[in-house]
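Structure file coords_27.txt (compact mmCIF, C-alpha atoms) follows.
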```txt
# COMPACT_ATOMS: atom_id res chain seq x y z
CA MET P 710 26.39 1.08 -44.72
CA ASP P 711 23.67 -1.50 -45.46
CA ASP P 712 25.94 -4.37 -44.45
CA ASP P 713 26.55 -2.74 -41.07
CA ILE P 714 22.80 -2.29 -40.51
CA ASN P 715 22.10 -5.88 -41.57
CA ARG P 716 24.74 -7.18 -39.13
CA GLN P 717 23.27 -5.11 -36.30
CA LEU P 718 19.78 -6.39 -37.12
CA ALA P 719 21.04 -9.98 -37.15
CA LYS P 720 22.73 -9.48 -33.77
CA ALA P 721 19.58 -7.89 -32.37
CA ARG P 722 17.41 -10.77 -33.60
CA ALA P 723 19.78 -13.34 -32.12
CA LEU P 724 19.84 -11.48 -28.81
CA LEU P 725 16.04 -11.24 -28.83
CA GLU P 726 15.67 -14.99 -29.43
CA LYS P 727 18.16 -15.72 -26.67
CA SER P 728 16.32 -13.48 -24.19
CA LYS P 729 12.96 -15.05 -25.12
CA ALA P 730 14.41 -18.48 -24.44
CA LYS P 731 15.73 -17.33 -21.05
CA VAL P 732 12.37 -15.83 -20.11
CA GLU P 733 10.59 -19.05 -21.10
CA GLU P 734 13.03 -21.16 -19.07
CA GLU P 735 12.53 -18.89 -16.06
CA ARG P 736 8.75 -19.12 -16.39
CA GLU P 737 8.88 -22.93 -16.61
CA ARG P 738 11.17 -23.06 -13.58
CA GLN P 739 8.78 -20.90 -11.57
CA GLU P 740 5.83 -23.06 -12.58
CA LEU P 741 7.69 -26.18 -11.46
CA GLU P 742 8.56 -24.54 -8.14
CA GLN P 743 4.94 -23.54 -7.60
CA ALA P 744 3.71 -27.02 -8.50
CA SER P 745 6.13 -28.65 -6.06
CA ALA P 746 5.30 -26.13 -3.32
CA THR P 747 1.56 -26.96 -3.32
CA PRO P 748 0.56 -29.54 -0.71
CA PRO P 749 -0.78 -32.87 -1.93
CA PRO P 750 -4.57 -32.91 -2.31
CA THR P 751 -6.59 -34.57 0.40
CA THR P 752 -8.89 -37.41 -0.50
CA THR P 753 -12.51 -36.30 -0.78
CA THR P 754 -15.48 -37.63 -2.64
CA THR P 755 -16.74 -35.36 -5.40
CA THR P 756 -19.29 -35.93 -8.10
CA THR P 757 -18.46 -35.66 -11.77
CA SER P 758 -20.40 -32.39 -12.12
CA GLU P 759 -18.38 -30.87 -9.27
CA MET P 760 -15.17 -32.00 -10.94
CA GLU P 761 -16.29 -30.49 -14.26
CA ASP P 762 -17.10 -27.20 -12.50
CA LEU P 763 -13.68 -27.22 -10.84
CA SER P 764 -11.90 -27.96 -14.09
CA VAL P 765 -13.77 -25.18 -15.90
CA ALA P 766 -12.90 -22.76 -13.11
CA GLU P 767 -9.27 -23.90 -13.14
CA ASN P 768 -9.08 -23.48 -16.92
CA GLU P 769 -10.51 -19.97 -16.66
CA GLU P 770 -8.01 -19.11 -13.93
CA LYS P 771 -5.13 -20.49 -16.01
CA LYS P 772 -6.22 -18.44 -19.03
CA ARG P 773 -6.51 -15.33 -16.90
CA GLY P 774 -3.11 -15.92 -15.33
CA SER P 775 -1.44 -16.57 -18.66
CA VAL P 776 -2.53 -13.27 -20.24
CA VAL P 777 -1.78 -11.03 -17.23
CA ASN P 778 1.65 -9.44 -17.56
CA PHE P 779 1.67 -7.07 -14.58
CA THR P 780 -0.63 -6.38 -11.63
CA ASP P 781 -0.39 -3.10 -9.73
CA GLU P 782 -0.96 -3.96 -6.08
CA GLU P 783 -1.96 -0.41 -5.07
CA THR P 784 -4.69 0.17 -7.65
CA GLY P 785 -5.51 -3.41 -8.63
CA LEU P 786 -5.06 -2.59 -12.31
CA ILE P 787 -3.57 -5.22 -14.60
CA THR P 788 -1.62 -5.16 -17.86
CA THR P 789 -2.32 -7.99 -20.28
CA ASP P 790 -0.82 -9.51 -23.40
CA GLY P 791 -3.21 -8.47 -26.17
CA GLU P 792 -1.82 -10.77 -28.83
CA LEU P 793 -2.19 -13.81 -26.59
CA MET P 794 -5.73 -12.75 -25.68
CA ALA P 795 -6.59 -12.51 -29.39
CA LEU P 796 -5.20 -15.98 -30.02
CA LEU P 797 -7.16 -17.43 -27.12
CA SER P 798 -10.37 -15.74 -28.21
CA GLU P 799 -10.11 -17.27 -31.69
CA ASP P 800 -10.35 -20.74 -30.14
CA GLU P 801 -13.43 -19.94 -28.03
CA ASP P 802 -17.07 -20.27 -29.06
CA TRP P 803 -18.81 -16.95 -29.59
CA GLU P 804 -22.50 -16.07 -29.60
CA GLU P 805 -24.31 -13.08 -30.99
CA ARG P 806 -26.43 -11.03 -28.57
CA SER P 807 -28.04 -7.64 -28.76
CA LEU P 808 -26.74 -4.82 -26.60
CA LEU P 809 -29.96 -4.79 -24.58
CA ASP P 810 -29.33 -8.42 -23.61
CA VAL P 811 -25.72 -7.75 -22.69
CA PHE P 812 -26.43 -4.72 -20.50
CA ASP P 813 -29.84 -5.82 -19.22
CA SER P 814 -28.79 -5.59 -15.58
CA GLU P 815 -27.59 -2.01 -16.06
CA LEU P 816 -30.90 -0.70 -17.39
CA GLN P 817 -32.52 0.08 -14.07
CA GLU P 818 -34.87 3.02 -14.22
CA SER P 819 -34.69 5.50 -11.38
CA ASP P 820 -37.63 6.81 -9.37
CA VAL P 821 -37.17 10.23 -10.98
CA SER P 822 -37.51 8.89 -14.52
CA ASN P 823 -40.59 6.85 -13.52
CA HIS P 824 -42.15 9.95 -11.98
CA LEU P 825 -41.46 12.04 -15.10
CA ALA P 826 -42.94 9.35 -17.33
CA GLN P 827 -46.16 9.35 -15.32
CA ARG P 828 -46.47 13.13 -15.29
CA ASP P 829 -48.64 14.86 -17.87
CA VAL P 830 -46.21 16.92 -19.92
CA ALA P 831 -48.89 18.82 -21.87
CA ALA P 832 -50.53 20.03 -18.67
CA SER P 833 -47.15 21.14 -17.34
CA ILE P 834 -46.48 23.21 -20.46
CA MET P 835 -49.93 24.77 -20.26
CA ASN P 836 -49.36 25.73 -16.62
CA LEU P 837 -46.01 27.23 -17.58
CA ARG P 838 -47.71 29.33 -20.28
CA MET P 839 -50.19 30.69 -17.78
CA LYS P 840 -47.39 31.74 -15.44
CA MET P 841 -45.12 33.31 -18.10
CA HIS P 842 -45.58 36.42 -20.21
CA ASN P 843 -46.60 35.72 -23.80
CA ASP P 844 -43.39 37.14 -25.32
CA ASP P 845 -41.18 35.01 -23.12
CA TYR P 846 -43.26 31.93 -23.79
CA ARG P 847 -43.08 32.49 -27.57
CA LYS P 848 -39.28 32.81 -27.40
CA ILE P 849 -38.92 29.51 -25.60
CA PHE P 850 -41.67 27.57 -27.34
CA ASP P 851 -41.31 28.74 -30.94
CA SER P 852 -44.37 27.91 -33.06
CA ARG P 853 -42.11 27.25 -36.09
CA ASN P 854 -40.66 24.25 -34.27
CA ARG P 855 -43.30 21.58 -34.81
CA TRP P 856 -42.21 19.53 -31.81
CA ILE P 857 -42.57 22.24 -29.15
CA GLY P 858 -45.42 24.66 -28.52
CA GLU P 859 -49.16 24.62 -29.05
CA ASP P 860 -49.26 26.14 -32.59
CA ASN P 861 -48.33 23.11 -34.68
```
Give the structure from the file, written as structure tokens.
Amino acid sequence: MDDDINRQLAKARALLEKSKAKVEEERERQELEQASATPPPTTTTTTTSEMEDLSVAENEEKKRGSVVNFTDEETGLITTDGELMALLSEDEDWEERSLLDVFDSELQESDVSNHLAQRDVAASIMNLRMKMHNDDYRKIFDSRNRWIGEDN
């Protein structure tokens, strides 16, 4: 029984290696076809900083293209190779930042929150007490809760 399982596992591993080799050959062939299909570059004068910017952008595009497995054309969603992304991220330089620095552009206060911050909350509660019956007010603003109510 174990010998049969071991033989099947060996066959499966050999088949897996063979299919990986075929996939790699196909990928290399497609890359060669794409490289030969691109027109030759025209001669232009560029500065070294422009060339560095282009090479950085090209490297980023190559990284992005290498980790994307599938792109859904309808929704624009992509499926990526997580293991390859982890390997690539180990080689990159990382920096430590606080969450407020990372999401600084997303912390925009609305007009409503600015208006509420400027409003006098104590005066609003006092006006509410004048309008409500005492029993109702005491149920909502319980004096045993030290954070709400006037009887602290």
List the neighbours of Gly774 (chain P) out to 12 Å using all atoms listed in the file; skip same-chain residues closer than 3 positions along the sequence, and give me the result as a list in words.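 The contact residues come out as Glu740, Glu767, Asn768, Glu769, Glu770, Lys771, Val777, Asn778, Phe779, Thr780, Ile787, Thr788, Thr789, Asp790, Leu793 and Met794 of chain P.
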At what distance in Å, to one decimal, does CA of Asp711 (chain P) lie from CA of Leu725 (chain P)?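 Interatomic distance, CA of Leu725 (chain P) to CA of Asp711 (chain P): 20.7 Å.
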If I take CA of Glu733 (chain P) and CA of Ser775 (chain P), how far is one from the other in Å, to one decimal?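 A separation of 12.5 Å between them.
Taking CA of Asp802 (chain P) and CA of Lys772 (chain P) as endpoints, the distance between them is 14.9 Å.
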How big is the axis-aligned box around all listed atoms of region 824-840 of chain P once 4 Å goes on each side, and where's its centre, in Å to one decimal, as JSON?
```
{"center_x": -46.0, "center_y": 20.5, "center_z": -16.9, "size_x": 17.1, "size_y": 30.4, "size_z": 17.9}
```
